[in-house]
Every structure is written in C-alpha cells, then in structure tokens.
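Shown next: work_28.cif, containing mmCIF, N, CA, C and O atoms.
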data_model
#
loop_
_atom_site.label_atom_id
_atom_site.label_comp_id
_atom_site.auth_asym_id
_atom_site.auth_seq_id
_atom_site.Cartn_x
_atom_site.Cartn_y
_atom_site.Cartn_z
N MET D 20 62.66 33.94 0.04
CA MET D 20 62.35 34.98 1.01
C MET D 20 61.72 34.33 2.24
O MET D 20 60.79 33.55 2.14
N SER D 21 62.21 34.65 3.43
CA SER D 21 61.67 34.09 4.66
C SER D 21 60.48 34.91 5.13
O SER D 21 60.23 36.01 4.64
N SER D 22 59.77 34.38 6.14
CA SER D 22 58.62 35.13 6.66
C SER D 22 59.05 36.45 7.26
O SER D 22 58.35 37.45 7.16
N SER D 23 60.26 36.48 7.90
CA SER D 23 60.73 37.74 8.45
C SER D 23 61.07 38.74 7.34
O SER D 23 60.92 39.95 7.51
N ASP D 24 61.52 38.23 6.18
CA ASP D 24 61.77 39.11 5.04
C ASP D 24 60.47 39.74 4.55
O ASP D 24 60.44 40.90 4.18
N ASN D 25 59.38 38.96 4.54
CA ASN D 25 58.08 39.48 4.11
C ASN D 25 57.63 40.62 5.02
O ASN D 25 57.12 41.63 4.55
N VAL D 26 57.80 40.43 6.32
CA VAL D 26 57.40 41.45 7.27
C VAL D 26 58.29 42.68 7.11
O VAL D 26 57.81 43.81 7.10
N ALA D 27 59.59 42.45 6.96
CA ALA D 27 60.53 43.57 6.79
C ALA D 27 60.22 44.36 5.51
O ALA D 27 60.42 45.56 5.46
N ALA D 28 59.74 43.66 4.49
CA ALA D 28 59.43 44.32 3.22
C ALA D 28 58.09 45.04 3.28
O ALA D 28 57.67 45.66 2.31
N GLY D 29 57.39 44.96 4.41
CA GLY D 29 56.13 45.66 4.57
C GLY D 29 54.93 44.88 4.05
O GLY D 29 53.84 45.41 3.95
N GLU D 30 55.10 43.61 3.72
CA GLU D 30 54.00 42.79 3.23
C GLU D 30 53.13 42.36 4.41
O GLU D 30 53.62 41.86 5.41
N LYS D 31 51.84 42.57 4.28
CA LYS D 31 50.90 42.25 5.35
C LYS D 31 50.78 40.74 5.51
O LYS D 31 50.72 40.00 4.53
N THR D 32 50.77 40.26 6.77
CA THR D 32 50.70 38.83 7.03
C THR D 32 49.52 38.45 7.93
O THR D 32 49.27 37.26 8.11
N MET D 33 48.81 39.43 8.48
CA MET D 33 47.65 39.14 9.33
C MET D 33 46.55 40.16 9.05
O MET D 33 46.84 41.32 8.73
N TRP D 34 45.30 39.71 9.17
CA TRP D 34 44.14 40.58 8.90
C TRP D 34 43.14 40.49 10.05
O TRP D 34 42.04 39.94 9.90
N PRO D 35 43.44 41.06 11.21
CA PRO D 35 42.50 40.99 12.33
C PRO D 35 41.19 41.72 12.05
O PRO D 35 40.17 41.44 12.67
N GLU D 36 41.22 42.64 11.09
CA GLU D 36 40.01 43.41 10.78
C GLU D 36 38.92 42.59 10.10
O GLU D 36 37.79 43.05 9.97
N VAL D 37 39.22 41.36 9.66
CA VAL D 37 38.21 40.55 9.00
C VAL D 37 37.47 39.63 9.97
O VAL D 37 36.49 38.98 9.58
N VAL D 38 37.91 39.58 11.23
CA VAL D 38 37.25 38.72 12.22
C VAL D 38 35.80 39.18 12.36
O VAL D 38 35.51 40.36 12.54
N GLY D 39 34.89 38.24 12.25
CA GLY D 39 33.46 38.52 12.37
C GLY D 39 32.76 38.78 11.04
O GLY D 39 31.54 38.78 10.98
N LEU D 40 33.54 39.00 9.98
CA LEU D 40 32.94 39.23 8.66
C LEU D 40 32.58 37.90 8.01
O LEU D 40 33.10 36.85 8.39
N CYS D 41 31.74 37.94 6.99
CA CYS D 41 31.45 36.73 6.23
C CYS D 41 32.68 36.39 5.40
O CYS D 41 33.53 37.24 5.11
N ALA D 42 32.80 35.13 5.01
CA ALA D 42 33.98 34.64 4.29
C ALA D 42 34.21 35.40 2.99
O ALA D 42 35.35 35.73 2.64
N LYS D 43 33.15 35.71 2.26
CA LYS D 43 33.27 36.41 0.98
C LYS D 43 33.89 37.80 1.16
O LYS D 43 34.77 38.21 0.41
N GLU D 44 33.43 38.53 2.17
CA GLU D 44 33.97 39.87 2.44
C GLU D 44 35.42 39.80 2.90
O GLU D 44 36.25 40.62 2.52
N ALA D 45 35.73 38.82 3.76
CA ALA D 45 37.10 38.66 4.25
C ALA D 45 38.05 38.38 3.09
O ALA D 45 39.13 38.96 3.01
N LYS D 46 37.65 37.51 2.18
CA LYS D 46 38.48 37.18 1.03
C LYS D 46 38.73 38.42 0.18
O LYS D 46 39.86 38.66 -0.27
N LYS D 47 37.72 39.24 -0.01
CA LYS D 47 37.84 40.47 -0.80
C LYS D 47 38.88 41.41 -0.17
O LYS D 47 39.73 41.97 -0.87
N ILE D 48 38.84 41.58 1.14
CA ILE D 48 39.77 42.46 1.84
C ILE D 48 41.20 41.93 1.75
O ILE D 48 42.15 42.67 1.49
N ILE D 49 41.35 40.62 1.97
CA ILE D 49 42.69 40.01 1.92
C ILE D 49 43.28 40.14 0.52
O ILE D 49 44.45 40.51 0.36
N LEU D 50 42.49 39.87 -0.50
CA LEU D 50 43.00 39.96 -1.87
C LEU D 50 43.35 41.40 -2.26
O LEU D 50 44.23 41.62 -3.09
N ALA D 51 42.68 42.38 -1.67
CA ALA D 51 43.02 43.78 -1.94
C ALA D 51 44.42 44.10 -1.42
O ALA D 51 45.16 44.86 -2.04
N ASP D 52 44.79 43.51 -0.29
CA ASP D 52 46.11 43.73 0.30
C ASP D 52 47.18 42.82 -0.29
O ASP D 52 48.35 43.18 -0.33
N LYS D 53 46.79 41.62 -0.70
CA LYS D 53 47.74 40.61 -1.17
C LYS D 53 47.12 39.88 -2.37
O LYS D 53 46.56 38.80 -2.24
N PRO D 54 47.20 40.48 -3.56
CA PRO D 54 46.54 39.92 -4.74
C PRO D 54 46.98 38.51 -5.13
O PRO D 54 46.22 37.77 -5.74
N ASP D 55 48.20 38.11 -4.75
CA ASP D 55 48.70 36.78 -5.09
C ASP D 55 48.37 35.72 -4.04
O ASP D 55 48.83 34.59 -4.11
N ALA D 56 47.52 36.08 -3.05
CA ALA D 56 47.21 35.17 -1.95
C ALA D 56 46.48 33.92 -2.43
O ALA D 56 45.58 33.99 -3.27
N ASP D 57 46.90 32.79 -1.87
CA ASP D 57 46.20 31.52 -2.05
C ASP D 57 45.39 31.33 -0.78
O ASP D 57 45.90 30.83 0.22
N ILE D 58 44.15 31.79 -0.79
CA ILE D 58 43.31 31.79 0.40
C ILE D 58 42.64 30.44 0.58
O ILE D 58 41.98 29.94 -0.32
N ILE D 59 42.84 29.88 1.77
CA ILE D 59 42.28 28.57 2.10
C ILE D 59 41.33 28.76 3.27
O ILE D 59 41.73 29.19 4.35
N MET D 60 40.05 28.46 3.06
CA MET D 60 39.03 28.56 4.10
C MET D 60 38.93 27.22 4.82
O MET D 60 38.77 26.17 4.18
N LEU D 61 39.03 27.25 6.16
CA LEU D 61 38.99 26.04 6.97
C LEU D 61 38.06 26.25 8.16
O LEU D 61 38.00 27.35 8.71
N PRO D 62 37.36 25.18 8.60
CA PRO D 62 36.56 25.31 9.81
C PRO D 62 37.48 25.59 11.01
O PRO D 62 38.60 25.08 11.07
N VAL D 63 37.01 26.40 11.97
CA VAL D 63 37.77 26.69 13.17
C VAL D 63 38.17 25.38 13.84
O VAL D 63 37.35 24.46 13.94
N GLY D 64 39.42 25.26 14.25
CA GLY D 64 39.91 24.07 14.93
C GLY D 64 40.52 23.03 14.02
O GLY D 64 41.02 22.01 14.51
N THR D 65 40.49 23.23 12.71
CA THR D 65 41.08 22.28 11.78
C THR D 65 42.59 22.23 11.98
O THR D 65 43.25 23.26 12.00
N PRO D 66 43.16 21.02 12.12
CA PRO D 66 44.63 20.94 12.22
C PRO D 66 45.26 21.30 10.87
O PRO D 66 44.70 21.03 9.82
N VAL D 67 46.41 21.96 10.94
CA VAL D 67 47.11 22.38 9.73
C VAL D 67 48.59 22.00 9.82
O VAL D 67 49.11 21.78 10.90
N THR D 68 49.24 21.95 8.66
CA THR D 68 50.67 21.66 8.63
C THR D 68 51.45 22.90 9.06
O THR D 68 50.93 24.01 9.02
N LYS D 69 52.71 22.70 9.43
CA LYS D 69 53.53 23.81 9.90
C LYS D 69 54.44 24.37 8.81
O LYS D 69 55.21 25.28 9.05
N ASP D 70 54.34 23.84 7.59
CA ASP D 70 55.19 24.34 6.52
C ASP D 70 54.80 25.78 6.17
O ASP D 70 53.66 26.19 6.34
N PHE D 71 55.78 26.55 5.69
CA PHE D 71 55.55 27.95 5.37
C PHE D 71 55.49 28.15 3.87
O PHE D 71 56.39 27.74 3.15
N ARG D 72 54.40 28.75 3.41
CA ARG D 72 54.26 29.16 2.01
C ARG D 72 53.81 30.61 2.04
O ARG D 72 52.72 30.92 2.52
N PRO D 73 54.66 31.52 1.56
CA PRO D 73 54.36 32.95 1.70
C PRO D 73 53.07 33.40 1.02
O PRO D 73 52.47 34.38 1.45
N GLU D 74 52.62 32.70 0.00
CA GLU D 74 51.39 33.12 -0.69
C GLU D 74 50.12 32.56 -0.04
O GLU D 74 49.02 33.00 -0.32
N ARG D 75 50.28 31.59 0.88
CA ARG D 75 49.11 30.96 1.51
C ARG D 75 48.58 31.80 2.66
O ARG D 75 49.33 32.29 3.49
N VAL D 76 47.26 31.98 2.68
CA VAL D 76 46.58 32.65 3.78
C VAL D 76 45.47 31.71 4.24
O VAL D 76 44.56 31.40 3.48
N ARG D 77 45.60 31.25 5.46
CA ARG D 77 44.55 30.37 6.02
C ARG D 77 43.54 31.24 6.75
O ARG D 77 43.89 32.06 7.58
N VAL D 78 42.28 31.02 6.45
CA VAL D 78 41.19 31.75 7.08
C VAL D 78 40.30 30.73 7.77
O VAL D 78 39.77 29.82 7.13
N PHE D 79 40.16 30.86 9.08
CA PHE D 79 39.36 29.92 9.86
C PHE D 79 37.95 30.45 10.00
O PHE D 79 37.74 31.57 10.48
N VAL D 80 36.99 29.64 9.57
CA VAL D 80 35.59 30.06 9.49
C VAL D 80 34.76 29.33 10.53
O VAL D 80 34.86 28.11 10.69
N ASP D 81 33.92 30.07 11.24
CA ASP D 81 32.98 29.51 12.21
C ASP D 81 31.76 29.03 11.42
O ASP D 81 30.90 29.83 11.03
N ILE D 82 31.71 27.73 11.14
CA ILE D 82 30.63 27.19 10.31
C ILE D 82 29.38 26.85 11.11
O ILE D 82 28.35 26.53 10.54
N ILE D 83 29.46 26.95 12.44
CA ILE D 83 28.29 26.62 13.28
C ILE D 83 27.33 27.80 13.37
O ILE D 83 26.15 27.63 13.62
N ALA D 84 27.81 29.00 13.14
CA ALA D 84 26.97 30.19 13.21
C ALA D 84 25.90 30.15 12.13
O ALA D 84 26.04 29.42 11.14
N ASP D 85 24.85 30.94 12.30
CA ASP D 85 23.79 31.01 11.28
C ASP D 85 24.36 31.41 9.93
O ASP D 85 23.99 30.89 8.90
N THR D 86 25.24 32.40 9.94
CA THR D 86 25.94 32.84 8.73
C THR D 86 27.42 32.59 8.98
O THR D 86 27.98 33.19 9.89
N PRO D 87 28.06 31.70 8.22
CA PRO D 87 29.48 31.43 8.46
C PRO D 87 30.29 32.73 8.45
O PRO D 87 30.14 33.57 7.57
N SER D 88 31.10 32.90 9.50
CA SER D 88 31.93 34.09 9.61
C SER D 88 33.33 33.72 10.06
O SER D 88 33.57 32.60 10.51
N ILE D 89 34.23 34.66 9.95
CA ILE D 89 35.62 34.43 10.29
C ILE D 89 35.73 34.34 11.81
O ILE D 89 35.27 35.22 12.53
N GLY D 90 36.36 33.26 12.28
CA GLY D 90 36.50 33.03 13.72
C GLY D 90 37.80 33.48 14.26
O GLY D 90 38.67 33.96 13.63
#
Rewrite the structure from the file as structure tokens, please.
Amino acid sequence: MSSSDNVAAGEKTMWPEVVGLCAKEAKKIILADKPDADIIMLPVGTPVTKDFRPERVRVFVDIIADTPSIG
C-alpha cells in the first residue's frame, strides 16, 4: 500500500493537534488514531531518512524547553 493509498483509505497521517503538548500526551493521541504506529521521538532538526514505512510516525520534540514538547 502506498502513502496515497493510506490517505485514500482515510488513515490519518498527520497530527497537528499535538503540537505544543508533552511527548507522553502526543503519543497517547497518536496511538488512539493509529494503534499500530511505530512512534519515534526525535529532537527538532534531526536528519531523517526518506524511506517510507506506513507504520512509522516521527515526532519531533523540542528538548530545549523546560518541559520537552512537540515542536
């Protein structure tokens, strides 16, 4: 299944509503929408590969803030 197939099937691929939340809360929301998600937390600005894995969700975290939150 391609990424366009996932979107056509109604599978959520982005979670703008988690921006600003703590990492734990963001993960909870993402898993509620996509229980099979392989969530990977990364510091903002981390280089990533361009390969596509439909179960992978990359979450970029602002680790410089007093409380790490989604950037």
Margin query: Can you tell me which residues surround region 49-62 of chain D at a distance of at most 4.5 Å, considering only N, CA, C and O atoms, apart from same-chain residues fewer than 3 positions away, and format the answer as a list in words?
Written below: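 Result of the neighbour search: Ala45, Lys46, Thr65, Glu74, Arg75, Val76, Arg77, Val78, Phe79 and Val80 of chain D.
Here atom N of Lys43 (chain D) and atom N of Ile89 (chain D) stand 7.8 Å from one another.
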Notebook entry, point to check: Rounded to one decimal in Å, what is the spacing between atom O of Glu30 (chain D) and atom C of Thr68 (chain D)?
Noted result: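 Those two atoms sit 19.4 Å apart.
For the atom pair formed by atom N of Val63 (chain D) and CA of Asp81 (chain D), the distance is 5.1 Å, given to one decimal.
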Item checked: Neighbour list for Trp34 (chain D) as a PyMOL selection string, cut-off 8 Å, all atoms listed in the file, skip fewer than 2 positions in-chain -> chain D and resi 31-32+36-39+45+48-49+77+90
Check: Which parts of region 34-71 of chain D does DSSP call strand (DSSP E) when run on the backbone here, written out as a PyMOL selection string?
Finding: chain D and resi 57-62
